[in-house]
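Visitor: My structure is stored as structure.txt, with compact mmCIF, C-alpha atoms.
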# COMPACT_ATOMS: atom_id res chain seq x y z
CA MET C 1 -18.41 -18.46 2.61
CA ALA C 2 -14.88 -18.95 1.27
CA THR C 3 -12.43 -16.19 2.11
CA ALA C 4 -8.85 -15.48 1.23
CA PRO C 5 -6.60 -16.37 4.17
CA MET C 6 -4.81 -13.62 6.02
CA LEU C 7 -1.02 -13.29 5.84
CA PRO C 8 1.22 -11.57 8.36
CA GLN C 9 1.55 -7.82 7.81
CA TYR C 10 4.86 -6.60 6.37
CA GLY C 11 6.10 -3.04 6.15
CA LYS C 12 6.70 -3.37 2.43
CA ASN C 13 3.03 -4.19 1.65
CA ALA C 14 2.25 -0.57 0.81
CA MET C 15 5.09 -0.39 -1.72
CA VAL C 16 4.12 -3.70 -3.26
CA ALA C 17 0.50 -2.56 -3.50
CA LEU C 18 1.54 0.67 -5.23
CA ARG C 19 3.61 -1.29 -7.75
CA HIS C 20 0.67 -3.58 -8.53
CA ASP C 21 -1.55 -0.50 -8.91
CA GLU C 22 0.86 0.94 -11.49
CA VAL C 23 1.14 -2.34 -13.40
CA ALA C 24 -2.66 -2.75 -13.45
CA ARG C 25 -3.15 0.71 -14.93
CA ASN C 26 -0.41 0.11 -17.51
CA PHE C 27 -1.98 -3.19 -18.54
CA LEU C 28 -5.35 -1.48 -19.07
CA ARG C 29 -3.73 1.04 -21.40
CA ASP C 30 -1.80 -1.71 -23.17
CA ALA C 31 -4.97 -3.79 -23.59
CA ASP C 32 -6.73 -0.90 -25.29
CA ARG C 33 -3.73 -0.31 -27.55
CA GLU C 34 -3.44 -4.01 -28.46
CA PHE C 35 -7.14 -4.24 -29.23
CA ALA C 36 -6.99 -1.12 -31.42
CA ALA C 37 -4.03 -2.67 -33.27
CA GLY C 38 -6.09 -5.80 -33.95
CA ASP C 39 -4.35 -8.16 -31.53
CA SER C 40 -7.33 -9.40 -29.54
CA LEU C 41 -5.41 -12.25 -27.90
CA GLN C 42 -2.82 -9.89 -26.41
CA ALA C 43 -5.59 -7.49 -25.44
CA SER C 44 -7.39 -10.32 -23.65
CA GLU C 45 -4.33 -11.30 -21.65
CA LYS C 46 -3.56 -7.71 -20.73
CA LEU C 47 -7.12 -7.27 -19.46
CA TRP C 48 -6.59 -10.32 -17.27
CA GLY C 49 -3.24 -8.96 -16.12
CA ALA C 50 -4.83 -5.64 -15.18
CA ALA C 51 -7.52 -7.36 -13.13
CA THR C 52 -5.07 -9.63 -11.33
CA HIS C 53 -2.66 -6.84 -10.50
CA ALA C 54 -5.52 -4.72 -9.17
CA ILE C 55 -6.73 -7.47 -6.84
CA MET C 56 -3.12 -8.26 -5.90
CA ALA C 57 -2.62 -4.62 -4.89
CA LEU C 58 -5.61 -4.72 -2.55
CA ALA C 59 -4.73 -8.18 -1.24
CA GLN C 60 -1.16 -7.09 -0.50
CA GLN C 61 -2.34 -3.99 1.31
CA ARG C 62 -4.77 -6.00 3.42
CA GLY C 63 -2.37 -8.87 4.08
CA TRP C 64 -4.38 -11.43 2.10
CA ASP C 65 -2.86 -14.27 0.14
CA SER C 66 -2.37 -13.42 -3.54
CA ARG C 67 0.09 -16.11 -4.55
CA SER C 68 -2.19 -18.24 -6.73
CA HIS C 69 -5.04 -18.02 -9.20
CA ARG C 70 -7.34 -19.47 -6.53
CA ALA C 71 -6.20 -16.93 -3.95
CA LEU C 72 -6.94 -14.07 -6.37
CA LYS C 73 -10.39 -15.47 -7.06
CA LEU C 74 -11.08 -15.74 -3.33
CA ALA C 75 -9.82 -12.20 -2.77
CA ALA C 76 -12.16 -10.88 -5.48
CA ARG C 77 -15.04 -12.75 -3.85
CA ARG C 78 -14.10 -11.33 -0.45
CA VAL C 79 -14.09 -7.77 -1.81
CA SER C 80 -17.43 -8.41 -3.49
CA GLU C 81 -18.88 -9.57 -0.17
CA GLU C 82 -17.35 -6.68 1.80
CA GLN C 83 -18.78 -4.16 -0.64
CA ALA C 84 -22.12 -6.04 -0.82
CA ASP C 85 -21.80 -5.88 -4.60
CA ASP C 86 -21.84 -9.11 -6.57
CA THR C 87 -20.82 -7.31 -9.77
CA ILE C 88 -17.25 -7.10 -8.46
CA ARG C 89 -17.00 -10.90 -8.36
CA LEU C 90 -18.76 -11.21 -11.69
CA LYS C 91 -16.45 -8.72 -13.39
CA PHE C 92 -13.43 -10.62 -12.08
CA ALA C 93 -14.93 -13.71 -13.74
CA VAL C 94 -15.18 -11.72 -16.99
CA ALA C 95 -11.47 -10.92 -16.74
CA GLU C 96 -10.79 -14.60 -16.10
CA LYS C 97 -12.68 -15.40 -19.30
CA CYS C 98 -10.29 -13.06 -21.13
CA HIS C 99 -7.38 -15.04 -19.71
CA ILE C 100 -8.87 -18.27 -21.07
CA ASN C 101 -9.41 -16.55 -24.41
CA PHE C 102 -5.68 -15.84 -24.65
CA TYR C 103 -5.04 -19.59 -24.81
CA HIS C 104 -8.07 -20.73 -26.78
CA GLY C 105 -9.12 -17.75 -28.91
CA PHE C 106 -12.82 -18.47 -28.53
CA LEU C 107 -14.04 -14.88 -28.13
CA GLU C 108 -14.91 -12.79 -31.15
CA ASP C 109 -13.59 -9.24 -31.30
CA TYR C 110 -17.05 -7.80 -30.66
CA GLU C 111 -17.26 -9.90 -27.47
CA ILE C 112 -13.95 -8.55 -26.22
CA GLU C 113 -15.14 -5.05 -27.06
CA GLU C 114 -18.26 -5.71 -24.98
CA VAL C 115 -16.37 -6.94 -21.89
CA ARG C 116 -13.53 -4.40 -21.90
CA PRO C 117 -15.59 -1.83 -19.96
CA ASP C 118 -16.37 -4.45 -17.31
CA VAL C 119 -12.69 -5.16 -16.74
CA HIS C 120 -11.89 -1.44 -16.69
CA ASP C 121 -14.62 -0.94 -14.11
CA PHE C 122 -13.36 -3.84 -11.98
CA VAL C 123 -9.81 -2.51 -12.00
CA ASN C 124 -10.82 1.07 -11.21
CA ARG C 125 -13.19 0.03 -8.43
CA VAL C 126 -10.70 -2.29 -6.77
CA LEU C 127 -7.86 0.23 -7.02
CA GLY C 128 -10.24 2.84 -5.61
CA LEU C 129 -10.39 0.78 -2.41
CA LEU C 130 -6.65 1.15 -1.77
CA GLU C 131 -5.91 3.26 1.29
Give the structure from the file, written as structure tokens.

Guide:
Amino acid sequence: MATAPMLPQYGKNAMVALRHDEVARNFLRDADREFAAGDSLQASEKLWGAATHAIMALAQQRGWDSRSHRALKLAARRVSEEQADDTIRLKFAVAEKCHINFYHGFLEDYEIEEVRPDVHDFVNRVLGLLE
């Protein structure tokens, strides 16, 4: 089992986590707005940004590494294992697919429409774990 390594606790972790929470929620709103305006590439990247900021918020609060793409992936896996819910890890992978779409434009609009609720759910569930 791969886990995100622990970092030393800092007093500012709570503030950093709250900032990431705010950014994640803003990115979700922005993603919906971009998609409605017809910009599916920007919507895709904002979905990814929302997911990463959500997991960064939790990682910061718990003192986990969140400084790389790999660290975020490991943190999402760790949360999935802690919650005994594989859908958390799978929904992070969906958000990661949106990130790839930003660069390669391989998803059709209907596919982005289908995965948006998964990313929203991931973000809301992860942010719901903040203490």

Visitor: Have a look at C:Leu90, C:Cys98, C:Ala36, C:Ala24 and name the one nearest to C:Ala50; count only C-alpha atoms.

Guide: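 The answer is C:Ala24, which sits nearest to C:Ala50.
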
Visitor: What's the 7 Å shell around C:Ile55, counting only C-alpha atoms, without same-chain residues fewer than 6 positions away, as a list in words?

Guide: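 Contacts, in chain order: Leu72, Ala75, Ala76 and Val126 of chain C.
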
Visitor: Nearest to C:Gln60 among C:Glu131, C:Glu108, C:Glu96, C:Asp39, with distances taken over only C-alpha atoms: which residue is it?

Guide: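 Closest to C:Gln60, using only C-alpha atoms: C:Glu131.
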
Visitor: Contacts of C:Ala93 at 10 Å or less, counting only C-alpha atoms, minus same-chain residues fewer than 6 places along, as a PyMOL selection string?

Guide: chain C and resi 48+51+73+76-77+87+99+119

Visitor: Would you mind exporting the chosen residues as a PDB file, keeping the file's coordinate frame, restricted to C-alpha atoms?

Guide:
ATOM      1  CA  TRP C  48      -6.590 -10.320 -17.270  1.00  0.00           C
ATOM      2  CA  ALA C  51      -7.520  -7.360 -13.130  1.00  0.00           C
ATOM      3  CA  LYS C  73     -10.390 -15.470  -7.060  1.00  0.00           C
ATOM      4  CA  ALA C  76     -12.160 -10.880  -5.480  1.00  0.00           C
ATOM      5  CA  ARG C  77     -15.040 -12.750  -3.850  1.00  0.00           C
ATOM      6  CA  THR C  87     -20.820  -7.310  -9.770  1.00  0.00           C
ATOM      7  CA  HIS C  99      -7.380 -15.040 -19.710  1.00  0.00           C
ATOM      8  CA  VAL C 119     -12.690  -5.160 -16.740  1.00  0.00           C
TER       9      VAL C 119
END

Visitor: Please report the interatomic distance between atom CA of C:Asp85 and atom CA of C:Phe35 in Å with one decimal.

Guide: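 Distance between the two atoms: 28.7 Å.
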
Visitor: Restricting the calculation to all atoms listed in the file: of C:Asp21, C:Glu111, C:Asp118, C:Glu81, which residue gets closest to C:Met56?

Guide: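 Closest residue, counting all atoms listed in the file: C:Asp21.
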
Visitor: Can you pull out every residue within 12 Å of C:Val123, counting all atoms listed in the file, but drop anything in the same chain fewer than 4 positions away, and send it as a PyMOL selection string?

Guide: chain C and resi 20-29+46-58+76+88-89+91-92+94-95+116-119+127-130

Visitor: Which residue, C:Arg125, C:His120, C:Arg67, C:Ser80, has the smallest gap to C:Asp30 when you use all atoms listed in the file?

Guide: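 Among C:Arg125, C:His120, C:Arg67, C:Ser80, it is C:His120 that comes nearest to C:Asp30.
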
Visitor: Just the number, please: distance in Å from atom CA of C:Gln83 to atom CA of C:His69, one decimal.

Guide: 21.3 Å

Visitor: Distance atom CA of C:Glu82-atom CA of C:Ala31, one decimal place?

Guide: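 Separation between atom CA of C:Glu82 and atom CA of C:Ala31: 28.4 Å.
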
Visitor: Check the smallest atom-to-atom distance from each of C:Val79, C:Asp86, C:Trp64, C:Ala43 to C:Val115 using all atoms listed in the file, then report the winner.

Guide: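 Looking at the shortest contact to C:Val115, the residue is C:Ala43.
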
Visitor: Calculated over only C-alpha atoms, which of the candidates C:Ser40, C:Asp32, C:Val16, C:Ile100 has the smallest distance to C:Ala59?

Guide: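 Checking each candidate against C:Ala59, we get C:Val16 as the closest.
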